[in-house]
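J.: I'd like to ask you about the structure that follows.
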Amino acid sequence: MSDNHIKNAAARAAELRQLIEHHRRLYYENDAPEISDHAFDALFEELKALEAQYPALDTPDSPTHKVGGSASEKFAKVPHAVRMGSLTDVFDFDALRAFIESAKKELTEAGESDIRFTVEPKIDGLSVALTYENGRLILGATRGDGEIGENVTDNIRTVQGIPHTVDRGIGSLTVRGEVYMSRESFEEQNRIREAEGEKLWANPRNAAAGSLRQLDSAVTAQRGLSIFVFNHQTGDLYADGHPCLTHSETIARMGELGFPMIRLLAVTGDADEIISAIEKLGAERDYLPYDIDGAVIKVDSLRQRTILGEGTSTPKWAVAYKYPPEQKETKLLGITFQIGRTGVLTPNAELSPVRLAGTTVSRATLHNLDIIRERDLRIGDTVLVQKAGDIIPEIVGSVASRRDGSEMPLEVPTACPSCGGRLIFDGWDESDEDSDGALGALRCISPACPAQLERRLIHFASKGAMAIDGMGPSIVRLLLSEGLIADAADLYTLTADQLAALPRLGEKSAENLIGAIAASKTAGAARLLFALGIRHTGEIASASIAAHFGGIRPLFDAAADDLCAIDDIGEITAAAVVEYFAQPATRDLIDRLESAGVETSMEKAEELPQSFAGMTFVLTGTLPTLTRDEASEMIRIRGGKAAGSVSKKTTWVVAGENAGSKLDKANALGVPVIDEAAFLAMVQEGDKP
């Protein structure tokens, strides 16, 4: 295998990790996905395949080993009594049969008989845990990362169907369910939002997630949320402690206690009967009053589940079957281009409207020019369109047999449709024998391109970047539409009077926003570099580069070889950074940010004592003065590693308020635990608290 293949695989894996984490945050934490479930699954499966082919790329922090998103800072964090994991997906009946046969084989070898499976719908909503003490609902929590969730109890109490009390003789009980918004409620909510001039919800799942995570429970109560309970997590279901032996028994008993229960479609050991139940559910999908995104197949016996056990992030006793997308024919009327934050032009198909999986669609993303070429798409073609449980369709390919000769190939633009600037094929090298003729992404390289500005500014102000609290997408769009800003440096020239005069912004909000902008000046060079939105340059790469060079300005004269000398910085990232800082508009932007007082320099990593070399830290809970990102950066530039989970190899656990399960695990393993004050003493004085 050539070095070039390995380099390309590593670069693609790094790109996939960034994409998956980005879309996972949008889906689980912001309730605002940009791509369909099917497109996300494709990215995830591609990364899994790369990690299987190149085991060195399979790192413990890969998104393939993670569950869901992280708990929002808006709500108190709560540890789950039982980990709320996700499921392994299967996409065809051959893979499903393989799961069934494998489970049966392992259980039979363990001496088990009467091996049955349950089949149930996979509701497309937000997973929650409900906890009762002495029959009273005391806690409702979102899944979060599976171990730590958000306390949304007040909002949970407003969800239709959730009992506030159950049998008072039952001591402690936790059940798991899926909060969802029915299609009828979704349509009503969108009618209300349209009348009030607000952005429409993309789909019922996003609407449910956004509604459950409102800070005002009165708002949640107006959204018409419902729930299906589908799992018994822990505690007794009977006052006398009578144990349930199977999942189907727990489903029946939870229904008796008053919970709205998931509908079991089958309880059987026969693979053909399981597949028949899944096919029947698939035929009913469009007629259900709620959205589903698959079917769940579980081993019914709770004892047999214990025998099969758990994988790294998913149980070995259950899988989720994902339905293949519905396909229909329509006409490809034209192709337009949308320009993203990093200047990439994404082609979008303009379609003759077609009814698909419950909604009418007239547009579909084509992702890049290679897809247009691979699928042989021509304007005027009859094309096959599909959708995988989301509102975002995709084109499968053209129907060549329906051509009449009037179809026209796409003329690839040579100038940016927004600024007229030069376009390049990003990553294409005609001399590369491994490129297979792929064109790569078409990209505008002008950092002053107006079409990129809105997305760049949203990213600049985001939590992982400059963290300007209160400057979300709607505020960025408002400032742009009013002509108050033209780039990131203009943010630091705004006044409270200017902001207070804007629609929907009062005096108090204006003052708070100006304060947040001022506070961001001290975010530091590493976060500023990430905030600039340089392609292929994520948070970790930005921190490494800024620490190596001691800030931003030295990058004006940095060569690609200088950047490649940094651990974990490859040729692709190095080339992107060099290209970005070679632009005159970039240098002007940095000059103006510095003039506004934004910090652009920091101590070089080589000038700091590497007192944490060989140490692994885990941060948990809320620290009194440091954010998790700030503490992680202190560790990294001193040679240490900030890990996400506690193990026997952990050197120190830094614990703050509401530390949760990681603190418990540290104590169980005998890992030393320190507070922020001791950690800061280590930063100042060396490696001993």
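Following the order of the structure tokens, first chain is A, next is B, and so on, with residues numbered from 1 inside each chain and ligands from 1 in the order they appear.
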Range 115-215 of chain A near range 76-89 of chain A within 6 Å: what's each residue's closest atom pair and its distance in Å to one decimal, counting only C-alpha atoms, ordered by chain then ascending residue number, as a tab-separated table?

T.:
```
residue	atom	partner	partner_atom	distance
A:Gly146	CA	A:Met84	CA	4.4
A:Glu147	CA	A:Arg83	CA	5.3
A:Ile148	CA	A:Pro79	CA	4.4
A:Gly149	CA	A:Val78	CA	5.3
A:Glu150	CA	A:Lys77	CA	4.8
A:Asn151	CA	A:Ala76	CA	5.4
```

J.: For Thr627 in chain A, work out the shell of residues within 12 Å, counting only C-alpha atoms and skipping chain neighbours fewer than 3 positions away, then give it as number ranges by chain.

T.: A: 73, 463-464, 467, 523, 619-624, 630-634, 656, 676

J.: Report as an MDAnalysis selection string all protein, DNA and RNA residues lying within 9 Å of Pro289 in chain A, evaluated on only C-alpha atoms, omitting residues in the same chain fewer than 5 positions from it.

T.: chainID A and resid 182:184

J.: Export, as a short mmCIF file (atom, residue, chain, number, x, y, z; two decimals), in the first residue's frame, the selected residues with N, CA and C atoms.

T.:
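The resulting selection_13.cif:
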```cif
data_model
loop_
_atom_site.label_atom_id
_atom_site.label_comp_id
_atom_site.auth_asym_id
_atom_site.auth_seq_id
_atom_site.Cartn_x
_atom_site.Cartn_y
_atom_site.Cartn_z
N SER A 182 -46.08 15.10 17.10
CA SER A 182 -46.88 14.46 16.06
C SER A 182 -46.88 15.31 14.80
N ARG A 183 -47.20 14.69 13.70
CA ARG A 183 -47.23 15.43 12.44
C ARG A 183 -48.28 16.54 12.48
N GLU A 184 -49.40 16.27 13.14
CA GLU A 184 -50.46 17.29 13.25
C GLU A 184 -49.97 18.49 14.07
#
```

J.: Of the candidates A:Gln583, A:Asn512, A:Thr342, A:Asn348, which shows the shortest atom-to-atom distance to Gly470 in chain A, using only C-alpha atoms?

T.: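 Closest to Gly470 in chain A of all the choices is A:Asn512.
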
J.: For CA of Ala202 in chain A and CA of Val152 in chain A, quote the distance in Å rounded to one decimal.

T.: 22.7 Å

J.: Got a sec to tell me which of range 41-172 of chain A DSSP assigns to alpha helix (DSSP H), as a VMD selection string?

T.: chain A and resid 41 to 53 93 to 109 153 to 156

J.: Generate a file of the selected residues that holds C-alpha atoms, formatted as an mmCIF file, in the first residue's frame.

T.:
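What follows is the written file out-v2.cif:
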```
data_model
loop_
_atom_site.group_PDB
_atom_site.id
_atom_site.type_symbol
_atom_site.label_atom_id
_atom_site.label_comp_id
_atom_site.auth_asym_id
_atom_site.auth_seq_id
_atom_site.Cartn_x
_atom_site.Cartn_y
_atom_site.Cartn_z
ATOM 1 C CA ASP A 41 -25.159 7.749 8.148
ATOM 2 C CA ALA A 42 -23.073 7.657 4.962
ATOM 3 C CA LEU A 43 -20.346 9.816 6.547
ATOM 4 C CA PHE A 44 -20.399 7.673 9.695
ATOM 5 C CA GLU A 45 -20.194 4.386 7.766
ATOM 6 C CA GLU A 46 -17.372 5.753 5.596
ATOM 7 C CA LEU A 47 -15.347 6.634 8.711
ATOM 8 C CA LYS A 48 -16.015 3.197 10.239
ATOM 9 C CA ALA A 49 -14.816 1.553 7.029
ATOM 10 C CA LEU A 50 -11.625 3.639 6.963
ATOM 11 C CA GLU A 51 -10.891 2.805 10.611
ATOM 12 C CA ALA A 52 -11.421 -0.887 9.882
ATOM 13 C CA GLN A 53 -9.106 -0.744 6.857
ATOM 14 C CA PHE A 93 -32.026 -7.715 5.683
ATOM 15 C CA ASP A 94 -28.814 -9.682 5.096
ATOM 16 C CA ALA A 95 -27.107 -7.667 7.856
ATOM 17 C CA LEU A 96 -30.182 -8.130 10.062
ATOM 18 C CA ARG A 97 -30.173 -11.903 9.547
ATOM 19 C CA ALA A 98 -26.454 -11.936 10.382
ATOM 20 C CA PHE A 99 -27.198 -10.187 13.701
ATOM 21 C CA ILE A 100 -30.007 -12.635 14.539
ATOM 22 C CA GLU A 101 -27.904 -15.703 13.666
ATOM 23 C CA SER A 102 -24.877 -14.410 15.590
ATOM 24 C CA ALA A 103 -26.938 -13.705 18.721
ATOM 25 C CA LYS A 104 -28.629 -17.100 18.541
ATOM 26 C CA LYS A 105 -25.307 -18.900 18.052
ATOM 27 C CA GLU A 106 -23.654 -17.212 21.056
ATOM 28 C CA LEU A 107 -26.686 -17.776 23.291
ATOM 29 C CA THR A 108 -27.068 -21.413 22.223
ATOM 30 C CA GLU A 109 -23.399 -22.038 22.996
ATOM 31 C CA THR A 153 -37.844 18.183 34.609
ATOM 32 C CA ASP A 154 -40.081 21.267 34.469
ATOM 33 C CA ASN A 155 -40.420 20.874 30.709
ATOM 34 C CA ILE A 156 -40.961 17.113 30.923
#
```

J.: Out of A:Val598, A:Leu137, A:Ile292, A:Ile307, which residue has the shortest atom-to-atom distance to Asp167 in chain A when counting only C-alpha atoms?

T.: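 Once distances to Asp167 in chain A are computed over only C-alpha atoms, the minimum belongs to A:Leu137.
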
J.: Could you please write out, as a PyMOL selection string, every residue of range 176-424 of chain A that DSSP assigns to strand (DSSP E)?

T.: chain A and resi 176-181+225-235+266-268+292-299+318-321+326-339+345-356+359-365+382-387+394-398+423-424

J.: How many Å separate CA of Ala364 in chain A from CA of Asn8 in chain A?

T.: 28.5 Å

J.: Could you pull the residues within 6 Å of Arg205 in chain A, counting only C-alpha atoms, minus those fewer than 3 positions along the same chain, as a PyMOL selection string?

T.: chain A and resi 124-125+208

J.: Using only C-alpha atoms for the distances, tell me which of A:Val361, A:Ala283, A:Ala677, A:Val646 is nearest to Lys665 in chain A.

T.: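 Closest residue, counting only C-alpha atoms: A:Val646.
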
J.: Could you check which of A:Ala655, A:Leu288, A:Ser113, A:Phe75 is closest to Asp216 in chain A, using only C-alpha atoms?

T.: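 Counting only C-alpha atoms, the residue closest to Asp216 in chain A is A:Phe75.
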
J.: Rounded to one decimal, what separation in Å do you get between CA of Glu507 in chain A and CA of Tyr492 in chain A?

T.: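 Here the two named atoms are 17.9 Å from each other.
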
J.: With distances taken over only C-alpha atoms, which of A:His242, A:Lys122, A:His367, A:Lys662 is nearest to Leu264 in chain A?

T.: A:Lys122

J.: Need to verify the contact set: Arg253 in chain A, 12 Å, only C-alpha atoms, exclusion of same-chain residues closer than 3 positions in sequence. Can you return it as a PDB file with N, CA, C and O atoms, in the first residue's frame?

T.:
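selection.pdb, freshly written:
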```
ATOM      1  N   VAL A 166     -47.096   7.375  39.789  1.00  0.00           N
ATOM      2  CA  VAL A 166     -47.413   5.987  39.479  1.00  0.00           C
ATOM      3  C   VAL A 166     -47.708   5.299  40.807  1.00  0.00           C
ATOM      4  O   VAL A 166     -47.859   5.966  41.833  1.00  0.00           O
ATOM      5  N   ASP A 167     -47.783   3.992  40.816  1.00  0.00           N
ATOM      6  CA  ASP A 167     -48.060   3.228  42.036  1.00  0.00           C
ATOM      7  C   ASP A 167     -47.142   3.682  43.170  1.00  0.00           C
ATOM      8  O   ASP A 167     -45.915   3.554  43.080  1.00  0.00           O
ATOM      9  N   VAL A 175     -37.443   4.985  33.751  1.00  0.00           N
ATOM     10  CA  VAL A 175     -37.819   4.449  32.451  1.00  0.00           C
ATOM     11  C   VAL A 175     -37.250   5.369  31.370  1.00  0.00           C
ATOM     12  O   VAL A 175     -36.947   6.536  31.613  1.00  0.00           O
ATOM     13  N   VAL A 229     -42.819   5.534  25.811  1.00  0.00           N
ATOM     14  CA  VAL A 229     -41.820   4.901  26.672  1.00  0.00           C
ATOM     15  C   VAL A 229     -41.487   3.541  26.066  1.00  0.00           C
ATOM     16  O   VAL A 229     -42.380   2.796  25.652  1.00  0.00           O
ATOM     17  N   PHE A 230     -40.179   3.227  26.004  1.00  0.00           N
ATOM     18  CA  PHE A 230     -39.804   1.985  25.317  1.00  0.00           C
ATOM     19  C   PHE A 230     -38.809   1.132  26.091  1.00  0.00           C
ATOM     20  O   PHE A 230     -38.409   0.078  25.610  1.00  0.00           O
ATOM     21  N   ASN A 231     -38.412   1.573  27.306  1.00  0.00           N
ATOM     22  CA  ASN A 231     -37.451   0.726  28.021  1.00  0.00           C
ATOM     23  C   ASN A 231     -37.536   0.963  29.530  1.00  0.00           C
ATOM     24  O   ASN A 231     -37.702   2.094  29.990  1.00  0.00           O
ATOM     25  N   HIS A 232     -37.410  -0.113  30.287  1.00  0.00           N
ATOM     26  CA  HIS A 232     -37.274  -0.045  31.739  1.00  0.00           C
ATOM     27  C   HIS A 232     -35.781   0.028  32.046  1.00  0.00           C
ATOM     28  O   HIS A 232     -35.029  -0.884  31.702  1.00  0.00           O
ATOM     29  N   ASP A 236     -37.856  -1.085  40.557  1.00  0.00           N
ATOM     30  CA  ASP A 236     -38.923  -2.084  40.555  1.00  0.00           C
ATOM     31  C   ASP A 236     -40.125  -1.594  39.757  1.00  0.00           C
ATOM     32  O   ASP A 236     -40.477  -0.415  39.798  1.00  0.00           O
ATOM     33  N   LEU A 237     -40.753  -2.538  39.050  1.00  0.00           N
ATOM     34  CA  LEU A 237     -41.997  -2.225  38.350  1.00  0.00           C
ATOM     35  C   LEU A 237     -43.220  -2.656  39.159  1.00  0.00           C
ATOM     36  O   LEU A 237     -44.340  -2.261  38.844  1.00  0.00           O
ATOM     37  N   TYR A 238     -43.001  -3.453  40.180  1.00  0.00           N
ATOM     38  CA  TYR A 238     -44.076  -3.907  41.057  1.00  0.00           C
ATOM     39  C   TYR A 238     -43.752  -3.515  42.489  1.00  0.00           C
ATOM     40  O   TYR A 238     -42.583  -3.545  42.903  1.00  0.00           O
ATOM     41  N   ALA A 239     -44.775  -3.182  43.255  1.00  0.00           N
ATOM     42  CA  ALA A 239     -44.568  -2.774  44.645  1.00  0.00           C
ATOM     43  C   ALA A 239     -43.981  -3.899  45.483  1.00  0.00           C
ATOM     44  O   ALA A 239     -43.263  -3.657  46.457  1.00  0.00           O
ATOM     45  N   HIS A 242     -41.656  -7.956  42.443  1.00  0.00           N
ATOM     46  CA  HIS A 242     -41.750  -9.053  41.479  1.00  0.00           C
ATOM     47  C   HIS A 242     -40.921  -8.720  40.240  1.00  0.00           C
ATOM     48  O   HIS A 242     -41.118  -7.684  39.612  1.00  0.00           O
ATOM     49  N   PRO A 243     -39.979  -9.585  39.853  1.00  0.00           N
ATOM     50  CA  PRO A 243     -39.106  -9.257  38.723  1.00  0.00           C
ATOM     51  C   PRO A 243     -39.740  -9.587  37.374  1.00  0.00           C
ATOM     52  O   PRO A 243     -40.474 -10.568  37.242  1.00  0.00           O
ATOM     53  N   CYS A 244     -39.470  -8.769  36.387  1.00  0.00           N
ATOM     54  CA  CYS A 244     -39.837  -9.088  35.008  1.00  0.00           C
ATOM     55  C   CYS A 244     -38.660  -9.822  34.372  1.00  0.00           C
ATOM     56  O   CYS A 244     -37.503  -9.466  34.605  1.00  0.00           O
ATOM     57  N   LEU A 245     -38.961 -10.829  33.569  1.00  0.00           N
ATOM     58  CA  LEU A 245     -37.911 -11.641  32.971  1.00  0.00           C
ATOM     59  C   LEU A 245     -37.616 -11.264  31.521  1.00  0.00           C
ATOM     60  O   LEU A 245     -36.559 -11.605  30.997  1.00  0.00           O
ATOM     61  N   THR A 246     -38.561 -10.566  30.886  1.00  0.00           N
ATOM     62  CA  THR A 246     -38.392 -10.225  29.477  1.00  0.00           C
ATOM     63  C   THR A 246     -38.721  -8.756  29.225  1.00  0.00           C
ATOM     64  O   THR A 246     -39.433  -8.117  30.005  1.00  0.00           O
ATOM     65  N   HIS A 247     -38.220  -8.262  28.116  1.00  0.00           N
ATOM     66  CA  HIS A 247     -38.527  -6.898  27.687  1.00  0.00           C
ATOM     67  C   HIS A 247     -40.022  -6.738  27.425  1.00  0.00           C
ATOM     68  O   HIS A 247     -40.633  -5.730  27.807  1.00  0.00           O
ATOM     69  N   SER A 248     -40.631  -7.729  26.794  1.00  0.00           N
ATOM     70  CA  SER A 248     -42.063  -7.632  26.490  1.00  0.00           C
ATOM     71  C   SER A 248     -42.894  -7.562  27.767  1.00  0.00           C
ATOM     72  O   SER A 248     -43.928  -6.871  27.806  1.00  0.00           O
ATOM     73  N   GLU A 249     -42.450  -8.240  28.839  1.00  0.00           N
ATOM     74  CA  GLU A 249     -43.144  -8.130  30.128  1.00  0.00           C
ATOM     75  C   GLU A 249     -43.036  -6.712  30.681  1.00  0.00           C
ATOM     76  O   GLU A 249     -44.008  -6.167  31.209  1.00  0.00           O
ATOM     77  N   THR A 250     -41.847  -6.116  30.579  1.00  0.00           N
ATOM     78  CA  THR A 250     -41.678  -4.743  31.103  1.00  0.00           C
ATOM     79  C   THR A 250     -42.538  -3.764  30.321  1.00  0.00           C
ATOM     80  O   THR A 250     -43.102  -2.824  30.899  1.00  0.00           O
ATOM     81  N   GLU A 256     -49.416  -0.734  32.147  1.00  0.00           N
ATOM     82  CA  GLU A 256     -50.352  -0.805  33.281  1.00  0.00           C
ATOM     83  C   GLU A 256     -50.142   0.351  34.251  1.00  0.00           C
ATOM     84  O   GLU A 256     -51.087   0.820  34.896  1.00  0.00           O
ATOM     85  N   LEU A 257     -48.890   0.824  34.367  1.00  0.00           N
ATOM     86  CA  LEU A 257     -48.590   1.926  35.283  1.00  0.00           C
ATOM     87  C   LEU A 257     -48.998   3.289  34.719  1.00  0.00           C
ATOM     88  O   LEU A 257     -48.899   4.299  35.421  1.00  0.00           O
ATOM     89  N   GLY A 258     -49.449   3.320  33.478  1.00  0.00           N
ATOM     90  CA  GLY A 258     -49.951   4.563  32.913  1.00  0.00           C
ATOM     91  C   GLY A 258     -49.048   5.247  31.910  1.00  0.00           C
ATOM     92  O   GLY A 258     -49.356   6.344  31.442  1.00  0.00           O
ATOM     93  N   PHE A 259     -47.917   4.595  31.541  1.00  0.00           N
ATOM     94  CA  PHE A 259     -47.023   5.203  30.564  1.00  0.00           C
ATOM     95  C   PHE A 259     -47.546   4.961  29.140  1.00  0.00           C
ATOM     96  O   PHE A 259     -48.028   3.856  28.847  1.00  0.00           O
ATOM     97  N   PRO A 260     -47.453   5.947  28.257  1.00  0.00           N
ATOM     98  CA  PRO A 260     -47.767   5.708  26.839  1.00  0.00           C
ATOM     99  C   PRO A 260     -46.680   4.808  26.250  1.00  0.00           C
ATOM    100  O   PRO A 260     -45.518   5.201  26.193  1.00  0.00           O
ATOM    101  N   MET A 261     -47.043   3.619  25.833  1.00  0.00           N
ATOM    102  CA  MET A 261     -46.039   2.611  25.501  1.00  0.00           C
ATOM    103  C   MET A 261     -45.811   2.485  24.002  1.00  0.00           C
ATOM    104  O   MET A 261     -46.717   2.666  23.194  1.00  0.00           O
TER     105      MET A 261
END
```

J.: What lies within 9 Å of Glu482 in chain A using only C-alpha atoms, ignoring chain neighbours under 4 positions off, as a ChimeraX atom specification?

T.: /A:477-478,502
